[in-house]
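Below is query.txt, which holds compact mmCIF, C-alpha atoms.
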# COMPACT_ATOMS: atom_id res chain seq x y z
CA MET U 1 158.97 159.27 19.01
CA ASP U 2 155.52 160.48 18.04
CA GLY U 3 152.88 162.60 19.77
CA ASP U 4 150.97 159.85 21.63
CA ASN U 5 152.35 160.80 25.05
CA GLY U 6 149.43 162.33 26.93
CA VAL U 7 149.94 165.77 25.39
CA LEU U 8 149.73 165.52 21.64
CA LEU U 9 152.13 167.41 19.44
CA GLN U 10 150.81 168.68 16.14
CA ARG U 11 153.32 170.34 13.88
CA ASP U 12 153.05 173.12 11.35
CA MET U 13 155.55 175.14 9.36
CA ALA U 14 156.46 178.63 10.59
CA SER U 15 154.46 180.19 7.76
CA SER U 16 151.22 178.94 9.38
CA LEU U 17 151.81 180.64 12.76
CA SER U 18 148.84 182.55 14.11
CA ASN U 19 148.80 185.70 16.22
CA GLU U 20 147.63 183.64 19.24
CA SER U 21 150.73 181.45 19.39
CA TYR U 22 153.24 181.77 22.21
CA GLY U 23 156.98 181.41 22.31
CA LEU U 24 158.99 178.66 23.97
CA ILE U 25 162.50 180.09 24.02
CA ILE U 26 165.23 177.64 25.02
CA LEU U 27 168.31 179.50 26.31
CA GLY U 28 171.71 178.39 27.53
CA ASN U 29 175.33 178.24 26.49
CA SER U 30 176.63 176.09 23.66
CA GLY U 31 176.90 172.40 24.41
CA VAL U 32 174.26 172.13 27.14
CA GLY U 33 171.79 170.26 24.84
CA LYS U 34 169.30 172.99 23.84
CA SER U 35 168.76 171.64 20.29
CA PHE U 36 168.38 168.08 21.56
CA LEU U 37 165.70 169.08 24.08
CA ALA U 38 163.88 171.08 21.37
CA ASN U 39 163.85 167.98 19.16
CA ILE U 40 162.55 165.92 22.08
CA LEU U 41 159.61 168.31 22.37
CA LEU U 42 159.02 168.25 18.61
CA GLY U 43 159.17 164.48 18.47
CA GLN U 44 161.72 164.40 15.69
CA ASP U 45 165.15 165.76 14.82
CA ILE U 46 164.30 169.14 13.30
CA PHE U 47 167.19 171.14 14.73
CA ALA U 48 170.79 170.12 14.17
CA HIS U 49 172.71 169.03 17.24
CA ALA U 50 176.07 167.34 17.68
CA TYR U 51 178.95 166.82 20.09
CA ALA U 52 181.42 169.42 18.79
CA ALA U 53 184.07 171.88 19.95
CA ARG U 54 182.33 174.81 18.25
CA ALA U 55 178.69 175.87 18.50
CA VAL U 56 176.37 173.99 16.14
CA THR U 57 173.50 176.53 16.31
CA THR U 58 174.52 179.95 14.99
CA GLU U 59 171.15 181.43 13.97
CA THR U 60 167.74 181.62 15.61
CA GLU U 61 165.22 179.13 14.23
CA PHE U 62 161.81 177.98 15.41
CA GLN U 63 159.11 175.40 14.80
CA GLU U 64 155.46 175.55 15.79
CA VAL U 65 153.83 172.83 17.90
CA CYS U 66 150.53 172.34 19.72
CA MET U 67 150.76 171.45 23.41
CA GLY U 68 147.42 170.80 25.01
CA ASP U 69 145.18 173.69 23.98
CA LYS U 70 148.02 176.13 23.24
CA ILE U 71 150.26 176.71 20.26
CA TYR U 72 153.94 177.33 20.91
CA ALA U 73 156.78 178.34 18.62
CA ILE U 74 159.82 176.44 19.91
CA PHE U 75 162.94 178.56 19.41
CA ASN U 76 166.39 177.11 19.03
CA VAL U 77 168.83 179.98 19.63
CA PRO U 78 172.64 180.11 19.77
CA GLY U 79 174.49 179.95 23.09
CA LEU U 80 175.58 183.20 24.61
CA ILE U 81 179.18 182.94 25.85
CA GLU U 82 181.91 182.36 23.27
CA ALA U 83 185.65 182.96 23.28
CA ASP U 84 185.31 185.46 20.41
CA GLN U 85 183.56 188.73 21.32
CA GLN U 86 182.30 189.10 17.74
CA ARG U 87 180.49 185.77 18.08
CA VAL U 88 179.11 186.87 21.46
CA ASP U 89 177.65 190.03 19.90
CA MET U 90 176.14 187.95 17.09
CA ASN U 91 174.55 185.62 19.64
CA LYS U 92 173.06 188.59 21.50
CA ARG U 93 171.32 189.75 18.31
CA GLU U 94 169.94 186.27 17.67
CA ILE U 95 168.56 186.07 21.23
CA ASP U 96 166.96 189.51 20.84
CA LYS U 97 165.40 188.31 17.59
CA ALA U 98 163.62 185.46 19.40
CA PHE U 99 162.10 187.75 22.06
CA LYS U 100 161.01 190.24 19.38
CA GLU U 101 159.36 187.45 17.41
CA ARG U 102 157.41 186.13 20.44
CA PRO U 103 157.46 188.58 23.38
CA THR U 104 154.90 186.48 25.26
CA SER U 105 156.82 183.32 25.95
CA LEU U 106 157.88 180.61 28.31
CA VAL U 107 161.63 180.57 28.94
CA ILE U 108 163.56 177.35 29.43
CA TYR U 109 167.12 177.92 30.65
CA VAL U 110 169.40 174.89 30.42
CA PHE U 111 172.34 174.47 32.80
CA GLY U 112 175.18 172.16 31.99
CA GLN U 113 177.16 170.27 34.66
CA GLN U 114 180.46 168.56 35.10
CA ASN U 115 180.36 165.57 37.46
CA GLY U 116 177.23 167.04 39.00
CA ARG U 117 178.74 170.51 39.51
CA ILE U 118 176.81 173.24 37.66
CA ARG U 119 179.07 175.09 35.23
CA ASP U 120 180.18 178.60 36.24
CA GLU U 121 179.68 180.08 32.73
CA ASP U 122 176.06 178.96 32.73
CA ILE U 123 175.43 180.93 35.94
CA VAL U 124 177.12 183.96 34.41
CA ALA U 125 175.04 183.75 31.20
CA PHE U 126 171.77 183.32 33.11
CA ASN U 127 172.40 186.38 35.27
CA ALA U 128 173.23 188.50 32.19
CA LEU U 129 170.05 187.38 30.37
CA ASN U 130 167.88 187.84 33.45
CA LYS U 131 169.07 191.45 33.79
CA ALA U 132 168.30 192.19 30.12
CA TYR U 133 164.93 190.35 30.10
CA PRO U 134 163.74 190.01 33.69
CA PHE U 135 162.20 186.53 33.74
CA ASP U 136 158.79 186.13 35.34
CA ILE U 137 158.98 183.25 37.81
CA ASP U 138 155.66 181.84 36.52
CA SER U 139 157.03 181.57 32.99
CA LEU U 140 160.53 180.30 33.84
CA ILE U 141 161.65 176.67 33.72
CA LEU U 142 165.16 175.76 34.89
CA VAL U 143 166.74 172.58 33.53
CA VAL U 144 169.84 170.79 34.80
CA ASN U 145 170.66 168.48 31.92
CA SER U 146 172.55 165.22 31.31
CA LEU U 147 172.81 164.05 34.92
CA ALA U 148 174.09 160.63 35.96
CA LYS U 149 171.36 158.26 37.05
CA ASP U 150 173.39 157.14 40.09
CA ARG U 151 173.75 160.64 41.58
CA PRO U 152 173.43 161.21 45.37
CA GLU U 153 169.92 160.95 46.75
CA ASN U 154 169.91 164.56 48.01
CA TYR U 155 171.47 166.02 44.85
CA GLU U 156 168.29 167.78 43.70
CA GLY U 157 167.72 169.55 47.05
CA GLU U 158 171.34 170.71 47.21
CA ALA U 159 171.30 171.96 43.60
CA ILE U 160 168.08 173.92 44.17
CA VAL U 161 169.45 175.65 47.25
CA LEU U 162 172.74 176.38 45.46
CA LEU U 163 170.98 177.84 42.39
CA GLU U 164 168.87 180.13 44.57
CA GLN U 165 172.11 181.42 46.13
CA LEU U 166 173.85 181.93 42.76
CA ILE U 167 171.09 183.34 40.50
CA LYS U 168 168.99 185.05 43.21
CA VAL U 169 165.77 183.64 41.73
CA PRO U 170 163.25 181.36 43.49
CA CYS U 171 163.71 177.93 41.96
CA GLN U 172 160.12 176.73 42.01
CA ASN U 173 160.26 174.75 38.78
CA VAL U 174 163.53 172.91 38.23
CA CYS U 175 163.80 169.84 35.98
CA PHE U 176 166.66 167.44 36.61
CA LEU U 177 167.10 165.40 33.44
CA ASP U 178 169.00 162.14 33.29
CA THR U 179 171.41 161.21 30.55
CA ILE U 180 169.51 158.97 28.15
CA ASP U 181 170.21 156.68 25.24
CA LYS U 182 169.18 158.84 22.30
CA LYS U 183 168.13 155.77 20.31
CA ASN U 184 165.94 154.41 23.11
CA VAL U 185 162.36 155.37 22.27
CA SER U 186 161.05 154.67 25.77
CA GLU U 187 163.65 156.95 27.40
CA ARG U 188 162.95 159.71 24.86
CA GLU U 189 159.23 159.49 25.63
CA SER U 190 159.89 159.64 29.36
CA LEU U 191 162.05 162.75 28.90
CA ASN U 192 159.38 164.31 26.70
CA ASN U 193 156.69 163.69 29.34
CA LYS U 194 158.85 165.29 32.04
CA LEU U 195 159.40 168.44 30.00
CA LEU U 196 155.75 168.67 29.00
CA GLN U 197 154.67 168.34 32.62
CA ALA U 198 156.83 171.33 33.53
CA ILE U 199 155.59 173.33 30.54
CA VAL U 200 151.86 172.88 31.10
CA GLU U 201 152.23 174.08 34.71
CA ARG U 202 153.76 177.39 33.59
CA THR U 203 152.07 180.46 32.10
CA ALA U 204 153.59 182.50 29.28
CA HIS U 205 154.30 186.15 30.13
CA ASN U 206 155.53 189.14 28.18
CA HIS U 207 159.29 189.64 28.39
CA SER U 208 160.31 193.19 27.61
CA LYS U 209 163.93 194.13 27.15
CA LYS U 210 165.16 196.34 30.00
CA GLN U 211 168.77 196.66 28.93
CA ASP U 212 171.31 195.20 26.54
CA ILE U 213 172.74 191.82 27.33
CA ASP U 214 175.93 192.73 29.14
CA ILE U 215 178.51 190.09 28.36
CA GLN U 216 182.07 190.92 27.50
CA SER U 217 184.59 188.21 26.81
CA VAL U 218 187.23 189.96 28.88
CA HIS U 219 184.93 190.05 31.92
CA VAL U 220 183.61 186.49 31.64
CA ARG U 221 186.66 185.04 33.38
CA GLU U 222 186.19 187.38 36.34
CA ALA U 223 182.50 186.50 36.58
CA LYS U 224 183.29 182.81 36.45
CA GLU U 225 185.84 183.19 39.22
CA LEU U 226 183.23 184.92 41.34
CA ILE U 227 180.75 182.10 40.79
CA LYS U 228 183.43 179.55 41.56
CA THR U 229 184.13 181.30 44.83
CA LEU U 230 180.44 181.32 45.72
CA GLN U 231 180.14 177.61 44.97
CA LYS U 232 183.20 176.88 47.10
CA GLU U 233 181.76 178.87 50.00
CA PHE U 234 178.48 176.99 49.65
CA GLN U 235 180.25 173.65 49.86
CA GLN U 236 182.19 174.82 52.93
CA ASN U 237 179.03 176.00 54.66
CA LYS U 238 176.78 173.20 53.40
CA ASP U 239 175.95 172.20 56.98
CA MET U 240 174.27 175.59 57.36
CA TYR U 241 171.98 174.75 54.45
CA LYS U 242 171.42 171.16 55.51
CA LYS U 243 167.88 171.81 56.67
CA GLN U 244 167.02 173.77 53.50
CA ILE U 245 168.54 171.05 51.34
CA LEU U 246 166.47 168.40 53.10
CA GLU U 247 163.29 170.43 52.75
CA GLN U 248 163.92 171.09 49.05
CA GLN U 249 164.72 167.41 48.50
CA ILE U 250 161.46 166.38 50.17
CA ILE U 251 159.52 168.88 48.09
CA TYR U 252 161.25 167.70 44.93
CA ASN U 253 160.73 164.01 45.74
CA LYS U 254 157.06 164.62 46.42
CA MET U 255 156.65 166.58 43.22
CA PHE U 256 158.61 164.00 41.25
CA ALA U 257 156.48 161.19 42.71
CA GLU U 258 153.32 163.04 41.72
CA ILE U 259 154.66 163.56 38.23
CA ARG U 260 155.71 159.92 38.03
CA ASN U 261 152.25 158.80 39.21
CA GLU U 262 150.58 161.10 36.74
CA ASN U 263 152.80 159.82 33.98
CA GLU U 264 152.09 156.25 35.01
CA SER U 265 148.37 156.95 35.09
CA MET U 266 148.63 158.63 31.75
CA ARG U 267 150.61 155.67 30.39
CA ARG U 268 147.99 153.22 31.63
CA LEU U 269 145.24 155.41 30.22
CA ILE U 270 146.99 155.55 26.87
CA GLU U 271 147.54 151.79 26.91
CA ARG U 272 143.90 151.21 27.83
CA GLN U 273 142.75 153.58 25.10
CA SER U 274 145.13 151.89 22.70
CA GLU U 275 143.72 148.47 23.64
CA GLN U 276 140.19 149.77 23.26
CA ALA U 277 141.07 151.30 19.92
CA GLN U 278 142.68 148.01 18.86
CA THR U 279 139.61 146.06 19.98
CA LEU U 280 137.33 148.51 18.19
CA GLN U 281 139.48 148.30 15.09
CA GLU U 282 139.37 144.50 15.17
CA ARG U 283 135.62 144.60 15.68
CA VAL U 284 135.20 147.01 12.79
CA HIS U 285 137.48 144.83 10.67
CA GLU U 286 135.41 141.76 11.57
CA GLN U 287 132.20 143.58 10.74
CA GLU U 288 133.70 144.69 7.45
CA LYS U 289 134.62 141.08 6.70
CA LEU U 290 131.10 139.90 7.58
CA PHE U 291 129.55 142.68 5.53
CA LYS U 292 131.84 141.86 2.61
CA LYS U 293 131.00 138.16 2.88
CA ASP U 294 127.28 138.92 3.08
CA GLN U 295 127.59 141.29 0.15
CA GLU U 296 129.38 138.61 -1.88
CA ARG U 297 126.61 136.15 -1.00
CA ARG U 298 123.92 138.62 -2.07
CA ASP U 299 125.84 139.36 -5.26
CA THR U 300 126.12 135.64 -6.01
CA GLU U 301 122.40 135.12 -5.38
CA HIS U 302 121.60 138.12 -7.54
CA GLN U 303 123.83 136.83 -10.34
CA ASN U 304 122.25 133.37 -10.11
CA GLU U 305 118.77 134.88 -10.16
CA MET U 306 119.66 137.05 -13.14
CA ARG U 307 121.13 134.00 -14.89
CA ARG U 308 117.95 132.01 -14.15
CA LEU U 309 115.72 134.81 -15.40
CA LYS U 310 117.85 135.09 -18.50
CA GLU U 311 117.51 131.36 -19.17
CA VAL U 312 113.74 131.54 -18.60
CA HIS U 313 113.56 134.53 -20.92
CA GLU U 314 115.62 132.81 -23.62
CA LYS U 315 113.50 129.64 -23.27
CA ALA U 316 110.31 131.68 -23.57
CA ILE U 317 111.70 133.39 -26.67
CA ARG U 318 112.65 130.02 -28.21
CA GLU U 319 109.21 128.59 -27.45
CA ALA U 320 107.56 131.69 -28.85
CA ASN U 321 109.70 131.44 -31.99
CA ILE U 322 108.78 127.77 -32.34
CA ARG U 323 105.08 128.60 -31.96
CA VAL U 324 105.43 131.38 -34.52
CA VAL U 325 107.17 129.01 -36.95
CA GLN U 326 104.52 126.35 -36.40
CA GLN U 327 101.78 128.89 -36.85
CA ASN U 328 103.42 130.17 -40.02
CA ASN U 329 103.75 126.62 -41.30
CA LYS U 330 100.08 125.97 -40.58
CA GLU U 331 99.14 129.22 -42.27
CA GLN U 332 101.35 128.39 -45.23
CA GLN U 333 99.81 124.90 -45.50
CA SER U 334 96.33 126.33 -45.16
CA THR U 335 97.18 129.05 -47.67
CA GLY U 336 98.66 126.43 -50.03
CA GLN U 337 95.58 124.23 -49.85
CA ASN U 338 93.28 127.17 -50.21
CA GLY U 339 95.37 128.41 -53.09
CA LEU U 340 95.24 125.03 -54.78
CA LYS U 341 91.49 124.86 -54.27
CA LEU U 342 91.18 128.41 -55.51
CA LYS U 343 93.33 127.61 -58.49
CA VAL U 344 91.26 124.53 -59.27
CA GLN U 345 88.10 126.50 -58.74
CA LYS U 346 89.40 129.22 -61.02
CA SER U 347 90.27 126.59 -63.59
CA ILE U 348 86.80 125.15 -63.28
CA ASP U 349 85.14 128.52 -63.40
CA LYS U 350 87.29 129.82 -66.26
CA PRO U 351 85.48 129.64 -69.55
CA ASN U 352 86.94 127.65 -72.41
CA ASP U 353 88.54 130.03 -74.85
CA ARG U 354 88.40 127.47 -77.55
CA PRO U 355 85.60 128.22 -79.99
CA VAL U 356 82.77 125.77 -79.70
CA GLN U 357 80.43 125.10 -82.59
CA GLN U 358 76.92 125.62 -81.55
CA ASN U 359 74.49 122.97 -82.59
CA THR U 360 71.24 123.88 -81.07
CA GLU U 361 69.47 121.10 -82.69
CA LYS U 362 71.49 118.25 -81.13
CA ARG U 363 72.24 119.92 -77.70
CA PRO U 364 69.63 119.16 -75.10
CA SER U 365 67.49 121.94 -73.88
CA THR U 366 68.85 121.39 -70.40
CA ILE U 367 72.48 122.23 -71.35
CA LYS U 368 72.66 124.89 -68.70
CA THR U 369 72.24 122.27 -66.05
CA ILE U 370 75.24 120.21 -67.25
CA VAL U 371 78.22 120.66 -64.95
CA GLN U 372 81.69 120.75 -66.38
CA THR U 373 83.64 118.22 -64.32
CA SER U 374 87.35 118.09 -63.52
CA LEU U 375 89.42 115.11 -64.61
CA SER U 376 92.11 113.42 -62.52
CA CYS U 377 94.71 115.24 -64.54
CA ALA U 378 93.13 118.56 -63.45
CA GLY U 379 92.03 119.17 -66.98
CA LEU U 380 88.47 120.14 -67.98
CA ALA U 381 86.11 117.47 -69.27
CA CYS U 382 83.75 117.91 -72.14
CA GLN U 383 80.47 119.38 -71.00
CA THR U 384 78.63 116.85 -73.10
CA CYS U 385 80.35 113.52 -72.48
CA ASN U 386 82.59 114.37 -69.50
CA LYS U 387 85.62 112.99 -71.31
CA CYS U 388 88.88 114.59 -72.34
CA ARG U 389 88.38 116.90 -75.20
CA ASP U 390 92.06 117.68 -75.80
CA TRP U 391 93.13 114.21 -76.90
CA TYR U 392 91.50 112.15 -79.64
CA ASP U 393 91.96 109.00 -81.70
CA PRO U 394 92.34 110.30 -85.24
CA THR U 395 90.08 108.71 -87.81
CA MET U 396 91.43 110.76 -90.63
CA GLY U 397 94.43 109.50 -92.53
CA ASP U 398 96.80 112.27 -91.45
CA LEU U 399 99.45 109.73 -90.30
CA ASP U 400 101.23 107.18 -92.40
CA ASP U 401 100.65 103.52 -91.74
CA ARG U 402 103.96 102.89 -90.07
CA THR U 403 103.55 105.73 -87.51
CA ARG U 404 100.02 104.71 -86.77
CA ARG U 405 101.04 101.09 -86.23
CA VAL U 406 103.81 102.10 -83.81
CA ARG U 407 101.52 104.30 -81.78
CA ARG U 408 98.81 101.69 -81.64
CA LEU U 409 101.32 99.11 -80.51
CA ALA U 410 102.68 101.42 -77.74
CA LEU U 411 99.26 102.55 -76.59
CA ASN U 412 97.46 99.24 -76.52
CA GLY U 413 95.85 99.74 -79.85
CA ALA U 414 94.86 103.40 -79.29
CA SER U 415 96.47 106.20 -81.16
CA TYR U 416 95.66 109.54 -79.54
CA GLU U 417 96.45 112.92 -80.94
CA LYS U 418 96.54 116.18 -79.01
CA ARG U 419 94.54 118.96 -80.46
CA THR U 420 96.51 121.96 -81.60
CA ASN U 421 94.28 124.26 -79.50
CA ALA U 422 94.27 121.96 -76.49
CA LYS U 423 94.45 123.46 -72.97
CA CYS U 424 95.88 120.35 -71.32
CA ARG U 425 99.61 120.53 -70.54
CA LEU U 426 100.07 117.10 -69.05
CA ALA U 427 101.87 115.39 -71.91
CA ARG U 428 102.83 112.54 -69.61
CA LEU U 429 99.21 111.44 -69.62
CA TYR U 430 99.32 110.96 -73.29
CA GLY U 431 97.19 107.98 -74.23
CA ASN U 432 95.75 107.46 -70.73
CA LEU U 433 92.64 109.50 -71.31
CA HIS U 434 89.54 108.67 -73.20
CA SER U 435 89.05 110.95 -76.14
CA CYS U 436 85.87 112.86 -76.47
CA GLN U 437 83.43 111.35 -79.07
CA CYS U 438 81.25 114.43 -79.31
CA ASP U 439 80.94 115.97 -82.69
CA ASP U 440 82.17 119.37 -81.56
CA ASN U 441 85.39 117.85 -80.17
CA VAL U 442 86.17 115.39 -82.93

Let me see whether you can do it: turn the structure in this file into C-alpha cells.
Amino acid sequence: MDGDNGVLLQRDMASSLSNESYGLIILGNSGVGKSFLANILLGQDIFAHAYAARAVTTETEFQEVCMGDKIYAIFNVPGLIEADQQRVDMNKREIDKAFKERPTSLVIYVFGQQNGRIRDEDIVAFNALNKAYPFDIDSLILVVNSLAKDRPENYEGEAIVLLEQLIKVPCQNVCFLDTIDKKNVSERESLNNKLLQAIVERTAHNHSKKQDIDIQSVHVREAKELIKTLQKEFQQNKDMYKKQILEQQIIYNKMFAEIRNENESMRRLIERQSEQAQTLQERVHEQEKLFKKDQERRDTEHQNEMRRLKEVHEKAIREANIRVVQQNNKEQQSTGQNGLKLKVQKSIDKPNDRPVQQNTEKRPSTIKTIVQTSLSCAGLACQTCNKCRDWYDPTMGDLDDRTRRVRRLALNGASYEKRTNAKCRLARLYGNLHSCQCDDNV
C-alpha cells in the first residue's frame, strides 16, 4: 500500500525529525495489533509484528510520517501488562520514553476483544495509563480491533456505552476495525483511510505525567475481576441502557456513513485525478512522439541539405580544378610557343662567333640591309647567299677516291662535309642542305 489514499504519507528517518513534529503514540497490551496498525499508517511493514505467545515489541521505536499538513512521529511501544513484574516495569519505562520524546501527541489506545467482548486486561491497562497521563479527550482515539464483519448491528452502540461505564471517559471518537486479509491491498487501504479520518479530526495536546503508572502483577487479577463484574452487571442491566445504546448506534452509523461517503468521494476524486493524469501522460507521450518524429524529419532534411551542399561544393572544386588545369595547360602551351619563338629569335639575333673574313671589296655596300634568314633546320643561313654555311662539298682532295665515291653514291652525287667550326647540330640533315658557295664559307 502506498500513500495515494487522500492523505499522502511521506516518510523520513528519525534523524530528520523537526521540532514542529507531533507524536502519535499507539498504546495497548501485547497482542492487540499495535504494530500492525502502525504499519498500516506507514504504508509498509516497518515495525515487526507476529502472532506469538510472548510480546514481539520490547523497546520503543518510532517513524516519522506526514499526514495532511502535519508531521507525526508514529511510536510503536511495548504492551503494558505482562505476567512478569520485571517486564511490566520495563514496559513502563518504554512508555515514559515515548511521552518524553513527544509530549505533544495524539494517543491511540487499542482494545482487544474475544468474540466481541472487550478484554478485561485492556480496561485495566487503559485506566492505569489514563491516571499517569490524563488523556485529553480531543487528542484521544479509541480503537476496538479485529472485529468480525458479521457482528450484531447494534454492537458499536453497545460497546460505546459499555466503555464509557468502564473507563469513565467520554467515547467521542471510537474506531471499530474489522478483521482484514493482510495481503489484500484494497482492505489495507480502506483500514488506512478509516484511521486517517479519525486522526485528522483530532488535535494533539501536551500530556504531562501526573504519577507513575501503577500496575502490579499481583493486583492485575483483582482489577480484571472487578472489570469482569462490571461487564456482567452491564449485560444484566442492558435494558436500562437500551435507549443510550440505540442513540450511540445511530450516532455511530451516521458518522460511519459520512466517513464512508467521504472516502467514496475521495476514491472517486483520486480515480478521476488518476484518469486525468493518465490522459495527460498519454497526451504528453503522444506530443513527445510527434516532436521526436518531427525532429527526425528535420534532421533528415538537414542531413540531405548538407549532403547536397557538400556535393555542390565538391563539384565546384572539381570544376575549378579543371579550369585551373586547363588554364595552366594554356599558359604552358603559350609559354612553350613563346619560348620557342624567343629561342629562335635569340638564335637569329645571336651573332656568329665564327670568324668571318672581311672582304670589303667584294661585299656590296648595302651589306647592312641583308637579313640573315633561318633555314628549315633552324640553322642560320649565310648572309650572302642564304644557304647553309656549315656543310660544303669539298673540292680539295682531302678524301681518298673510294670514300668520295661512296659518299657521292649515297648522296646522289653530292659529297658534303661539315665544317669543324660549324654551329649546326642536326647531323640527320647531312647532305640535304645546299652548301654555301661564298668565298668566305668555302

Between atom CA of Asn127 of chain U and atom CA of Ile251 of chain U, measure the distance and give it in Å to one decimal.
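So the answer is 25.2 Å.
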
Which of these residues is nearest to Arg117 of chain U, using all atoms listed in the file: U:Leu147, U:Ile95, U:Met266, U:Val174?
U:Leu147

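Atom pair atom CA of Asn184 of chain U / atom CA of Leu196 of chain U has a distance of 18.5 Å (rounded to one decimal).
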
I'd like a table as JSON lines: residues in segment 81-172 of chain U with an atom no more than 9 Å from segment 230-249 of chain U, each row giving the shortest atom pair and its distance in Å to one decimal, only C-alpha atoms counted, sorted by chain and rising residue number.
{"residue": "U:Asp120", "atom": "CA", "partner": "U:Gln231", "partner_atom": "CA", "distance": 8.8}
{"residue": "U:Glu153", "atom": "CA", "partner": "U:Gln249", "partner_atom": "CA", "distance": 8.5}
{"residue": "U:Asn154", "atom": "CA", "partner": "U:Gln249", "partner_atom": "CA", "distance": 5.9}
{"residue": "U:Tyr155", "atom": "CA", "partner": "U:Gln249", "partner_atom": "CA", "distance": 7.8}
{"residue": "U:Glu156", "atom": "CA", "partner": "U:Gln249", "partner_atom": "CA", "distance": 6.0}
{"residue": "U:Gly157", "atom": "CA", "partner": "U:Gln249", "partner_atom": "CA", "distance": 4.0}
{"residue": "U:Glu158", "atom": "CA", "partner": "U:Ile245", "partner_atom": "CA", "distance": 5.0}
{"residue": "U:Ala159", "atom": "CA", "partner": "U:Ile245", "partner_atom": "CA", "distance": 8.3}
{"residue": "U:Ile160", "atom": "CA", "partner": "U:Gln248", "partner_atom": "CA", "distance": 7.0}
{"residue": "U:Val161", "atom": "CA", "partner": "U:Ile245", "partner_atom": "CA", "distance": 6.2}
{"residue": "U:Leu162", "atom": "CA", "partner": "U:Phe234", "partner_atom": "CA", "distance": 7.1}
{"residue": "U:Gln165", "atom": "CA", "partner": "U:Leu230", "partner_atom": "CA", "distance": 8.3}
{"residue": "U:Leu166", "atom": "CA", "partner": "U:Leu230", "partner_atom": "CA", "distance": 7.2}

Measuring between only C-alpha atoms, which one of U:Arg119, U:Arg188, U:Lys131, U:Lys92 shows the shortest distance to Leu41 of chain U?
U:Arg188

Set out as a tab-separated table a contact list for segment 236-277 of chain U and segment 282-300 of chain U with a cut-off of 12 Å, giving each residue of segment 236-277 of chain U that qualifies its closest atom pair and distance in Å to one decimal, counting only C-alpha atoms, ordered by chain and rising residue number.
residue	atom	partner	partner_atom	distance
U:Glu275	CA	U:Glu282	CA	10.3
U:Gln276	CA	U:Glu282	CA	9.7
U:Ala277	CA	U:Glu282	CA	8.5

Find, counting all atoms listed in the file, the residue in U:Met306, U:Val220, U:Ile250, U:Val324 that gets nearest to Ala128 of chain U.
U:Val220

Contact table segment 120-162 of chain U vs segment 98-114 of chain U, cut-off 7 Å, shortest pair per residue, all atoms listed in the file, as a Markdown table:
| residue | atom | partner | partner_atom | distance |
| --- | --- | --- | --- | --- |
| U:Asp122 | CA | U:Phe111 | CA | 5.8 |
| U:Ser139 | CA | U:Leu106 | CA | 4.9 |
| U:Leu140 | CA | U:Val107 | CA | 5.0 |
| U:Ile141 | CA | U:Ile108 | CA | 4.7 |
| U:Leu142 | CA | U:Tyr109 | CA | 5.1 |
| U:Val143 | CA | U:Val110 | CA | 4.7 |
| U:Val144 | CA | U:Phe111 | CA | 4.9 |
| U:Asn145 | CA | U:Gly112 | CA | 5.8 |

Given all atoms listed in the file as the counted atoms, nearest of U:Gly43, U:Thr229, U:Gly79, U:Ala204 to Ser21 of chain U
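Going through U:Gly43, U:Thr229, U:Gly79, U:Ala204 one by one, the smallest distance to Ser21 of chain U is for U:Ala204.
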
Could you state the separation of atom CA of Asp45 of chain U and atom CA of Leu269 of chain U in Å, given to one decimal place?
27.2 Å

Centre and edge lengths of an axis-aligned box around all listed atoms of segment 166-184 of chain U, with 6 Å added on each side, are to be given in Å to one decimal, as AutoDock Vina command-line options.
--center_x 167.0 --center_y 169.7 --center_z 31.9 --size_x 25.7 --size_y 42.6 --size_z 35.2

Let me make sure I understand: among U:Thr60, U:Val65, U:Phe75, U:Asn130, which one has the smallest atom-to-atom distance to Ile26 of chain U if we use only C-alpha atoms?
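Closest to Ile26 of chain U of all the choices is U:Phe75.
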
List the spatial neighbours of Val218 of chain U as a PyMOL selection string - criterion: any atom at most 12 Å away, all atoms listed in the file, same-chain residues fewer than 2 positions off excluded.
chain U and resi 81-85+88+214-216+220-224

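Taking only C-alpha atoms into account, Ile199 of chain U lies nearest to U:Asp138 out of the set U:Ile118, U:Asp138, U:Leu42, U:Arg272.
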